[in-house]
Every structure is written in structure tokens, then in C-alpha cells.
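Content type compact mmCIF, C-alpha atoms, from the file work_34.txt:
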# COMPACT_ATOMS: atom_id res chain seq x y z
CA MET A 1 -28.72 78.53 247.23
CA LYS A 2 -26.27 81.08 248.54
CA LEU A 3 -24.33 83.13 246.01
CA LYS A 4 -21.00 81.71 247.15
CA GLN A 5 -22.26 78.13 246.79
CA TYR A 6 -23.82 78.95 243.42
CA SER A 7 -20.54 80.39 242.17
CA SER A 8 -18.66 77.30 243.33
CA VAL A 9 -21.05 75.02 241.45
CA LEU A 10 -20.73 77.10 238.30
CA PHE A 11 -16.95 77.02 238.54
CA PHE A 12 -17.02 73.23 238.99
CA LEU A 13 -19.31 72.75 235.98
CA PHE A 14 -17.21 75.09 233.87
CA ALA A 15 -14.08 73.15 234.81
CA ILE A 16 -15.70 69.87 233.71
CA ILE A 17 -16.86 71.35 230.42
CA SER A 18 -13.44 72.87 229.77
CA PHE A 19 -11.71 69.58 230.57
CA ASN A 20 -14.00 67.60 228.25
CA ALA A 21 -13.59 70.12 225.45
CA SER A 22 -9.85 70.00 225.86
CA ALA A 23 -9.84 66.20 225.88
CA GLN A 24 -11.95 66.07 222.74
CA LYS A 25 -9.51 68.32 220.92
CA VAL A 26 -6.56 65.99 221.52
CA TRP A 27 -7.70 63.87 218.57
CA ILE A 28 -6.97 65.87 215.45
CA ASN A 29 -8.86 64.93 212.30
CA LEU A 30 -6.10 65.50 209.77
CA PHE A 31 -8.58 64.70 207.01
CA ASN A 32 -11.87 66.57 207.44
CA GLY A 33 -13.89 64.49 204.97
CA LYS A 34 -14.64 67.52 202.79
CA ASP A 35 -11.49 68.84 201.13
CA LEU A 36 -7.69 68.76 201.09
CA LYS A 37 -7.07 72.32 202.25
CA ASP A 38 -4.76 71.17 205.06
CA TRP A 39 -2.64 69.02 202.75
CA ASN A 40 0.11 69.64 200.18
CA VAL A 41 1.01 67.36 197.27
CA LYS A 42 4.41 66.39 195.89
CA ILE A 43 4.50 64.01 192.93
CA ALA A 44 7.76 62.87 191.33
CA LYS A 45 8.51 64.66 188.03
CA HIS A 46 6.19 67.53 189.01
CA ASP A 47 6.56 70.69 191.04
CA TYR A 48 5.64 70.90 194.71
CA LYS A 49 1.87 71.46 195.18
CA ASP A 50 1.09 70.30 191.62
CA ASN A 51 -1.63 67.68 192.13
CA TYR A 52 -0.97 66.15 188.73
CA ALA A 53 -4.03 64.64 187.01
CA ASN A 54 -6.05 65.17 190.18
CA THR A 55 -4.29 62.17 191.74
CA PHE A 56 -5.48 63.07 195.24
CA ARG A 57 -9.10 64.12 195.60
CA VAL A 58 -12.11 63.87 197.92
CA LYS A 59 -15.06 61.76 196.77
CA ASN A 60 -18.07 60.72 198.86
CA GLY A 61 -16.32 61.85 202.02
CA LEU A 62 -13.20 59.77 201.34
CA MET A 63 -9.65 60.80 200.50
CA THR A 64 -9.23 59.01 197.20
CA VAL A 65 -6.07 58.23 195.23
CA GLY A 66 -6.73 57.52 191.55
CA TYR A 67 -5.01 57.49 188.18
CA GLU A 68 -7.71 58.07 185.59
CA GLY A 69 -5.74 61.02 184.22
CA TYR A 70 -2.52 59.02 183.68
CA LYS A 71 -1.61 57.54 180.31
CA GLU A 72 1.25 55.68 181.99
CA PHE A 73 2.26 55.69 185.64
CA ASP A 74 5.94 56.11 184.69
CA LYS A 75 7.28 56.09 188.27
CA GLN A 76 5.39 59.25 189.19
CA TYR A 77 5.32 58.34 192.86
CA GLY A 78 3.25 60.78 194.84
CA HIS A 79 2.73 61.86 198.44
CA ILE A 80 0.20 64.11 200.11
CA PHE A 81 1.54 65.82 203.24
CA TYR A 82 -0.32 67.19 206.23
CA LYS A 83 0.51 70.86 206.69
CA LYS A 84 2.53 70.64 209.94
CA PRO A 85 5.06 68.28 211.53
CA PHE A 86 4.65 66.21 214.71
CA SER A 87 7.00 64.43 217.09
CA TYR A 88 5.12 62.30 219.64
CA TYR A 89 1.79 60.96 218.36
CA LEU A 90 -0.54 58.10 217.54
CA LEU A 91 -1.61 58.15 213.90
CA ARG A 92 -4.74 56.23 212.91
CA VAL A 93 -5.67 55.52 209.29
CA THR A 94 -8.58 53.50 207.92
CA TYR A 95 -8.05 52.45 204.31
CA ARG A 96 -9.03 50.06 201.56
CA PHE A 97 -7.62 49.22 198.15
CA VAL A 98 -10.01 49.45 195.21
CA GLY A 99 -9.99 48.85 191.46
CA ASP A 100 -7.04 47.99 189.27
CA GLN A 101 -3.46 49.18 189.27
CA ALA A 102 -2.52 52.01 186.90
CA THR A 103 -0.95 51.07 183.59
CA GLY A 104 2.81 50.95 183.94
CA GLY A 105 2.85 50.47 187.69
CA GLU A 106 5.61 48.29 189.09
CA GLY A 107 4.72 44.70 189.99
CA TRP A 108 5.70 45.24 193.62
CA ALA A 109 3.36 48.24 193.82
CA THR A 110 0.17 46.22 193.31
CA ARG A 111 -2.14 46.91 196.26
CA ASN A 112 0.71 48.81 197.87
CA SER A 113 0.68 52.19 199.60
CA GLY A 114 1.97 53.70 202.82
CA ALA A 115 1.76 56.22 205.62
CA MET A 116 5.09 58.04 205.68
CA LEU A 117 6.26 59.01 209.18
CA HIS A 118 8.81 61.66 210.21
CA CYS A 119 9.03 62.90 206.59
CA GLN A 120 11.34 65.66 205.46
CA ASP A 121 9.65 68.98 204.74
CA PRO A 122 7.99 68.47 201.31
CA ALA A 123 9.15 71.94 200.27
CA THR A 124 12.72 70.60 200.36
CA MET A 125 12.03 67.75 197.92
CA LEU A 126 13.51 68.17 194.45
CA LYS A 127 11.28 67.88 191.39
CA ASP A 128 12.44 64.39 190.38
CA GLN A 129 12.79 62.95 193.91
CA ASP A 130 10.85 59.69 194.14
CA PHE A 131 10.15 59.37 197.88
CA PRO A 132 10.51 61.68 200.86
CA ILE A 133 13.28 60.84 203.32
CA SER A 134 11.08 59.18 205.95
CA ILE A 135 9.98 56.00 207.66
CA GLU A 136 7.37 54.23 205.56
CA ALA A 137 4.63 52.41 207.45
CA GLN A 138 3.89 50.22 204.45
CA ILE A 139 0.28 49.30 203.66
CA LEU A 140 -0.32 46.14 201.63
CA GLY A 141 -3.52 44.51 200.46
CA GLY A 142 -3.92 40.80 199.84
CA ASP A 143 -3.99 39.58 196.24
CA GLY A 144 -6.13 36.52 196.95
CA GLU A 145 -3.19 34.17 196.50
CA HIS A 146 -0.12 35.10 198.55
CA THR A 147 0.54 35.97 202.17
CA ARG A 148 0.91 39.75 202.29
CA HIS A 149 1.38 41.27 205.70
CA THR A 150 0.33 44.87 206.14
CA SER A 151 1.75 47.55 208.46
CA ASN A 152 5.31 46.68 207.46
CA VAL A 153 8.23 49.12 207.52
CA CYS A 154 10.37 50.44 204.66
CA THR A 155 13.21 52.93 204.91
CA PRO A 156 13.60 55.47 202.09
CA GLY A 157 16.73 57.37 203.07
CA THR A 158 16.53 56.17 206.67
CA LEU A 159 17.75 53.49 209.08
CA ILE A 160 16.13 51.87 212.11
CA ASN A 161 17.14 49.58 214.95
CA TYR A 162 15.31 46.27 215.27
CA ASP A 163 15.78 43.83 218.13
CA GLY A 164 18.73 45.89 219.34
CA LYS A 165 20.58 45.88 216.03
CA LEU A 166 20.86 48.32 213.13
CA PHE A 167 18.60 47.19 210.30
CA THR A 168 20.18 47.95 206.93
CA GLY A 169 17.64 46.30 204.62
CA HIS A 170 14.93 48.30 202.91
CA CYS A 171 11.73 46.62 204.09
CA MET A 172 10.72 44.37 206.97
CA ASP A 173 7.45 42.48 207.28
CA SER A 174 5.19 42.76 210.28
CA LYS A 175 3.41 39.77 211.80
CA SER A 176 -0.06 40.95 210.78
CA LYS A 177 -2.49 38.74 208.93
CA THR A 178 -3.32 39.29 205.26
CA TYR A 179 -6.27 41.58 204.48
CA ALA A 180 -7.61 40.74 201.02
CA GLY A 181 -10.32 42.30 198.89
CA ASP A 182 -11.77 45.77 199.43
CA GLN A 183 -12.39 45.51 203.19
CA TRP A 184 -11.67 48.49 205.41
CA VAL A 185 -8.57 48.12 207.59
CA THR A 186 -7.61 50.36 210.52
CA ALA A 187 -3.92 50.74 211.33
CA ASP A 188 -2.37 52.64 214.23
CA PHE A 189 1.19 53.94 214.26
CA LEU A 190 2.62 55.00 217.60
CA VAL A 191 5.59 57.32 217.12
CA LEU A 192 7.55 58.61 220.12
CA GLY A 193 10.18 60.98 218.78
CA ASP A 194 13.37 59.14 217.90
CA SER A 195 12.92 56.51 220.62
CA VAL A 196 10.36 53.91 219.53
CA VAL A 197 7.82 53.29 216.75
CA LYS A 198 5.08 50.67 217.02
CA HIS A 199 2.75 49.43 214.27
CA ILE A 200 -0.58 48.26 215.68
CA ILE A 201 -3.40 46.34 213.97
CA ALA A 202 -6.59 45.36 215.84
CA GLY A 203 -4.97 46.30 219.14
CA GLU A 204 -1.92 44.09 218.58
CA VAL A 205 1.62 45.40 218.11
CA VAL A 206 2.65 43.72 214.85
CA LEU A 207 6.02 45.47 214.50
CA GLU A 208 8.24 47.54 216.79
CA TYR A 209 11.57 49.28 216.17
CA THR A 210 13.68 52.05 217.65
CA LYS A 211 16.11 54.90 216.97
CA PRO A 212 15.01 56.01 213.47
CA GLN A 213 17.64 58.14 211.76
CA VAL A 214 18.59 59.55 208.38
CA GLY A 215 20.79 57.17 206.38
CA GLY A 216 20.79 54.33 203.87
CA GLY A 217 19.49 54.36 200.31
CA SER A 218 16.21 53.60 198.50
CA VAL A 219 15.60 57.26 197.68
CA THR A 220 16.81 59.08 194.56
CA ASN A 221 17.25 62.58 193.18
CA PHE A 222 17.29 64.24 196.60
CA ASP A 223 19.09 67.39 197.71
CA PRO A 224 22.28 66.17 199.50
CA LYS A 225 22.04 69.10 201.88
CA VAL A 226 18.85 67.55 203.27
CA LYS A 227 20.12 64.00 203.71
CA ILE A 228 22.58 64.27 206.59
CA ASP A 229 23.19 60.64 207.50
CA GLY A 230 23.15 59.83 211.19
CA THR A 231 20.69 62.60 212.08
CA PRO A 232 18.11 61.27 214.58
CA LEU A 233 14.53 61.50 213.33
CA LYS A 234 12.86 63.24 216.26
CA SER A 235 9.96 64.75 214.31
CA GLY A 236 8.65 65.29 210.80
CA TYR A 237 5.71 65.53 208.48
CA ILE A 238 3.13 62.82 207.80
CA SER A 239 2.21 61.84 204.25
CA LEU A 240 0.13 59.25 202.40
CA GLN A 241 1.30 57.62 199.19
CA SER A 242 0.23 57.21 195.59
CA GLU A 243 2.25 54.27 194.26
CA SER A 244 0.05 53.27 191.27
CA HIS A 245 -2.78 51.30 192.93
CA PRO A 246 -6.03 53.14 193.77
CA ILE A 247 -6.70 53.44 197.48
CA GLU A 248 -9.25 55.22 199.66
CA PHE A 249 -8.79 56.63 203.16
CA LYS A 250 -11.87 56.98 205.36
CA THR A 251 -10.10 58.14 208.51
CA VAL A 252 -6.83 59.97 209.00
CA LYS A 253 -6.52 61.28 212.53
CA LEU A 254 -3.84 61.91 215.09
CA PHE A 255 -3.62 61.94 218.88
CA ASP A 256 -0.94 64.44 219.84
CA LEU A 257 1.18 62.97 222.63
CA ALA A 258 3.73 65.80 222.81
CA PRO A 259 2.21 67.24 226.04
CA TYR A 260 3.08 63.98 227.83
CA ALA A 261 6.54 63.42 226.34
CA LYS A 262 8.39 64.34 229.54
CA ASN A 263 6.19 62.31 231.87
CA GLN A 264 6.67 58.61 231.07
CA ALA A 265 4.04 57.39 233.54
CA LYS A 266 1.38 59.75 232.19
CA LEU A 267 2.42 59.02 228.60
CA ASP A 268 1.99 55.27 229.16
CA GLN A 269 -1.38 55.87 230.84
CA VAL A 270 -2.70 58.01 227.98
CA ILE A 271 -1.49 55.59 225.30
CA ASP A 272 -3.09 52.64 227.10
CA LYS A 273 -6.38 54.50 227.39
CA ILE A 274 -6.67 55.64 223.78
CA LEU A 275 -5.72 52.21 222.42
CA LYS A 276 -8.49 50.64 224.50
CA ASP A 277 -11.17 53.13 223.42
Conversion result in C-alpha cells:
Amino acid sequence: MKLKQYSSVLFFLFAIISFNASAQKVWINLFNGKDLKDWNVKIAKHDYKDNYANTFRVKNGLMTVGYEGYKEFDKQYGHIFYKKPFSYYLLRVTYRFVGDQATGGEGWATRNSGAMLHCQDPATMLKDQDFPISIEAQILGGDGEHTRHTSNVCTPGTLINYDGKLFTGHCMDSKSKTYAGDQWVTADFLVLGDSVVKHIIAGEVVLEYTKPQVGGGSVTNFDPKVKIDGTPLKSGYISLQSESHPIEFKTVKLFDLAPYAKNQAKLDQVIDKILKD
């Protein structure tokens, strides 16, 4: 083979390898299965980065939320935040509820957790603040008796538009089925800046809303300088909750869609492809 042809082949192979490596890196494993070094904890009634009673820990390759060190839950709502914010992304979490609720947990918090989207910077949360200003992609587990949809939405310190109208309630149910017991459930959350958010279970959009913004109530003891009502939620941190019921997360990963944000056709193509994989 001539040198020129050989060089061309090498360049072509290198381009393929580089493309594949780049494509593989688009999925970001936010949880590495080994430790929580990329995460920061904020628990109500405790200082930022104080992982009170080892609430969040890694066990057998799972991110585990437990309350063995609590005498009483006492509204010590907790959140573990990934280290950096995102704007356009698909978040995928695989979770299951386990065990019994902590003593003193609220009735509504049984088999209840959440993936918080577009969160405020956790460093700006005050010590006694209960929830971050955010959109809560609520996770619910079945109790063996009642219908309990998962992948709902709640709005601590935020507002959303649903079906073309401003939604001023706190929580809205999705149309998902009930997932009871300790089965693993995978939920996708497609977040495109402050335009649209879709909750997806088993490839089906079970809830969709638009124009998330700061506003409303359902959050207490916050710094008023942080809660500027009417501010569009274009980006923010991602966090997972501790609300008094033990839960395990097997997968927490993110597909960063920011590179495609200005090309709607390419964005739609990439989203369609990754949801089919």
C-alpha cells in the first residue's frame, strides 16, 4: 500500500475511533457505583455538606438512602446534589424502595422520594430550609392497596405551565401505572432549558409541562434573595431526596443535550435515538 493511501486509511480509522469515543462520553454516569465524591449533601436542620447520620451512602454498588442513625425523622428532609448544573439533558434514574419508613416520617412520605430538577445552588440553601427551590420529579412506590402513580411533578418554590395554563397547585399526578413492592423502576426526565419538561416511563411520556419558573410556595426557611419569583428556570443542579423512606438508586446518569440546543432538528433526532436505545 502506498504511503499516501496508508495515511488516508489511518486518518479514517482515527476519525471513527474519535467519533465513537466522543459519542460514548455523552452519557455521564453521575453516580459511579463506588463513592459519592461528585455529590454534596444538604439536610434540613444541618449545615451544607453535613451528611447527617450517614443518610446517603454507597452499599453493594448502590446509592442508598437510609435512616438507621435517626432517633426520629423530625422533618430532616435531605437532598444529595450532583456537583455541577445542567440546562438541556435527559436524566435517567433506576430506583427501588426498600424496608420501612423512618420513625416520625410524615404519612404522605411513605414510599416517596424524588429527583429534583433545575435546583438552586445547594450552597445558597439556609440551614433550616426544607427543600431546594426546584422542580420535583416525584417518585412514588405502590403500597399494595392504592393507586400511586410515579414520575409525578411537585413544585417547591416554583411554578409550571400545564396544557397551556399556569399550574398553581403543588403536585400533579402523571398517568403512569403503579409500581409496588421492591421492583426496580427506570424513569427518564427530559429537560430542555425553560421550554419543556417530559417525564418518561417505559418509553411513554406520562407527564409533560412547560415554562418552569421560580414562584409559588411549598418551601420554607429560604433566603429571599434567592427566590426571585418569575425568574425562568433555564438551568440548575440535580438532586435526589431523602424524605424518610429508604430507597436505593442503581443508575443515575445523564445525556447532555446542550450541544444540540440551537439545532432543533438535530436535537429531536438525538432524543429519539437515545430513547430508543
Next item on the list: In Å, rounded to a single decimal, give me how far CA of Thr124 (chain A) is from CA of Asp47 (chain A).
Entry: 11.2 Å
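When CA of Ala102 (chain A) is paired with CA of Asn54 (chain A), their separation reads 14.0 Å.
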Notebook entry, point to check: Counting only C-alpha atoms, what is within 7 Å of Thr158 (chain A), bar same-chain residues fewer than 3 positions away, as a PyMOL selection string?
Noted result: chain A and resi 133-135+155+212-216
Next item on the list: Might you pull out every residue within 8 Å of Val153 (chain A), with only C-alpha atoms counted and same-chain residues fewer than 6 positions away left off, and present them as a ChimeraX atom specification?
Entry: /A:135-138,171-174
Output C-alpha atoms for every residue in the selection just made, as a short mmCIF file (atom, residue, chain, number, x, y, z; two decimals), keeping the file's coordinate frame.
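Now in part13.cif:
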data_model
loop_
_atom_site.label_atom_id
_atom_site.label_comp_id
_atom_site.auth_asym_id
_atom_site.auth_seq_id
_atom_site.Cartn_x
_atom_site.Cartn_y
_atom_site.Cartn_z
CA ILE A 135 9.98 56.00 207.66
CA GLU A 136 7.37 54.23 205.56
CA ALA A 137 4.63 52.41 207.45
CA GLN A 138 3.89 50.22 204.45
CA CYS A 171 11.73 46.62 204.09
CA MET A 172 10.72 44.37 206.97
CA ASP A 173 7.45 42.48 207.28
CA SER A 174 5.19 42.76 210.28
#
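CA of Lys262 (chain A) is positioned 21.4 Å from CA of Lys84 (chain A).
Near Gln76 (chain A), within 7 Å and counting all atoms listed in the file, sit Ile43, Ala44 and Lys45 of chain A; same-chain residues fewer than 6 positions away were not included.
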Restrict the output to region 179-193 of chain A and all heavy atoms, then write it as a short mmCIF file (atom, residue, chain, number, x, y, z; two decimals), in the first residue's frame.
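Final file, part_28.cif:
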data_model
loop_
_atom_site.label_atom_id
_atom_site.label_comp_id
_atom_site.auth_asym_id
_atom_site.auth_seq_id
_atom_site.Cartn_x
_atom_site.Cartn_y
_atom_site.Cartn_z
N TYR A 179 -46.20 1.06 40.61
CA TYR A 179 -45.13 0.08 40.75
C TYR A 179 -44.99 -0.27 42.23
O TYR A 179 -44.47 0.53 43.02
CB TYR A 179 -43.82 0.65 40.22
CG TYR A 179 -43.80 0.83 38.72
CD1 TYR A 179 -44.29 2.00 38.14
CD2 TYR A 179 -43.32 -0.17 37.88
CE1 TYR A 179 -44.29 2.18 36.76
CE2 TYR A 179 -43.31 -0.01 36.50
CZ TYR A 179 -43.80 1.17 35.95
OH TYR A 179 -43.80 1.33 34.59
N ALA A 180 -45.49 -1.43 42.60
CA ALA A 180 -45.49 -1.84 44.01
C ALA A 180 -44.27 -2.70 44.33
O ALA A 180 -43.52 -3.12 43.45
CB ALA A 180 -46.77 -2.60 44.32
N GLY A 181 -44.09 -2.96 45.62
CA GLY A 181 -43.02 -3.84 46.06
C GLY A 181 -41.64 -3.22 45.92
O GLY A 181 -41.49 -2.00 45.90
N ASP A 182 -40.63 -4.09 45.80
CA ASP A 182 -39.24 -3.61 45.74
C ASP A 182 -38.65 -3.79 44.35
O ASP A 182 -37.44 -3.94 44.19
CB ASP A 182 -38.39 -4.34 46.78
CG ASP A 182 -38.36 -5.86 46.55
OD1 ASP A 182 -39.06 -6.35 45.63
OD2 ASP A 182 -37.64 -6.55 47.30
N GLN A 183 -39.50 -3.75 43.31
CA GLN A 183 -39.02 -3.89 41.94
C GLN A 183 -38.25 -2.65 41.50
O GLN A 183 -38.51 -1.54 41.94
CB GLN A 183 -40.20 -4.13 40.98
CG GLN A 183 -41.18 -2.99 40.88
CD GLN A 183 -42.35 -3.30 39.97
OE1 GLN A 183 -42.16 -3.54 38.78
NE2 GLN A 183 -43.55 -3.32 40.53
N TRP A 184 -37.28 -2.86 40.61
CA TRP A 184 -36.53 -1.75 40.05
C TRP A 184 -37.38 -1.03 39.00
O TRP A 184 -38.04 -1.67 38.18
CB TRP A 184 -35.24 -2.24 39.39
CG TRP A 184 -34.21 -2.71 40.37
CD1 TRP A 184 -33.85 -3.99 40.65
CD2 TRP A 184 -33.39 -1.88 41.21
NE1 TRP A 184 -32.86 -4.03 41.59
CE2 TRP A 184 -32.55 -2.75 41.95
CE3 TRP A 184 -33.28 -0.50 41.40
CZ2 TRP A 184 -31.63 -2.27 42.88
CZ3 TRP A 184 -32.35 -0.03 42.31
CH2 TRP A 184 -31.54 -0.91 43.04
N VAL A 185 -37.35 0.28 39.02
CA VAL A 185 -38.09 1.11 38.07
C VAL A 185 -37.12 2.11 37.45
O VAL A 185 -36.32 2.73 38.16
CB VAL A 185 -39.24 1.88 38.76
CG1 VAL A 185 -40.00 2.73 37.74
CG2 VAL A 185 -40.18 0.92 39.49
N THR A 186 -37.16 2.25 36.14
CA THR A 186 -36.33 3.23 35.44
C THR A 186 -37.19 4.39 34.97
O THR A 186 -38.21 4.17 34.30
CB THR A 186 -35.60 2.60 34.24
OG1 THR A 186 -34.69 1.59 34.72
CG2 THR A 186 -34.81 3.65 33.47
N ALA A 187 -36.80 5.59 35.33
CA ALA A 187 -37.53 6.80 34.94
C ALA A 187 -36.59 7.74 34.21
O ALA A 187 -35.44 7.95 34.62
CB ALA A 187 -38.10 7.49 36.18
N ASP A 188 -37.08 8.30 33.11
CA ASP A 188 -36.34 9.30 32.34
C ASP A 188 -37.01 10.65 32.51
O ASP A 188 -38.25 10.75 32.53
CB ASP A 188 -36.33 8.95 30.85
CG ASP A 188 -35.45 7.75 30.52
OD1 ASP A 188 -34.51 7.48 31.28
OD2 ASP A 188 -35.71 7.10 29.50
N PHE A 189 -36.18 11.69 32.60
CA PHE A 189 -36.69 13.05 32.70
C PHE A 189 -35.97 13.90 31.65
O PHE A 189 -34.77 14.12 31.75
CB PHE A 189 -36.48 13.61 34.11
CG PHE A 189 -37.08 12.73 35.17
CD1 PHE A 189 -36.26 11.94 35.98
CD2 PHE A 189 -38.45 12.66 35.34
CE1 PHE A 189 -36.81 11.11 36.95
CE2 PHE A 189 -39.00 11.83 36.31
CZ PHE A 189 -38.18 11.06 37.11
N LEU A 190 -36.74 14.33 30.66
CA LEU A 190 -36.19 15.14 29.58
C LEU A 190 -36.41 16.61 29.92
O LEU A 190 -37.56 17.05 30.06
CB LEU A 190 -36.87 14.79 28.26
CG LEU A 190 -36.45 15.60 27.04
CD1 LEU A 190 -34.99 15.35 26.69
CD2 LEU A 190 -37.35 15.28 25.84
N VAL A 191 -35.33 17.35 30.06
CA VAL A 191 -35.39 18.75 30.48
C VAL A 191 -34.70 19.60 29.41
O VAL A 191 -33.51 19.44 29.15
CB VAL A 191 -34.71 18.95 31.84
CG1 VAL A 191 -34.84 20.39 32.30
CG2 VAL A 191 -35.29 18.00 32.88
N LEU A 192 -35.47 20.52 28.81
CA LEU A 192 -34.93 21.37 27.75
C LEU A 192 -35.01 22.83 28.19
O LEU A 192 -35.94 23.57 27.85
CB LEU A 192 -35.70 21.15 26.45
CG LEU A 192 -35.71 19.70 25.93
CD1 LEU A 192 -36.51 19.60 24.64
CD2 LEU A 192 -34.30 19.17 25.73
N GLY A 193 -34.03 23.23 29.00
CA GLY A 193 -33.98 24.60 29.49
C GLY A 193 -35.27 24.98 30.19
O GLY A 193 -35.78 24.23 31.02
#
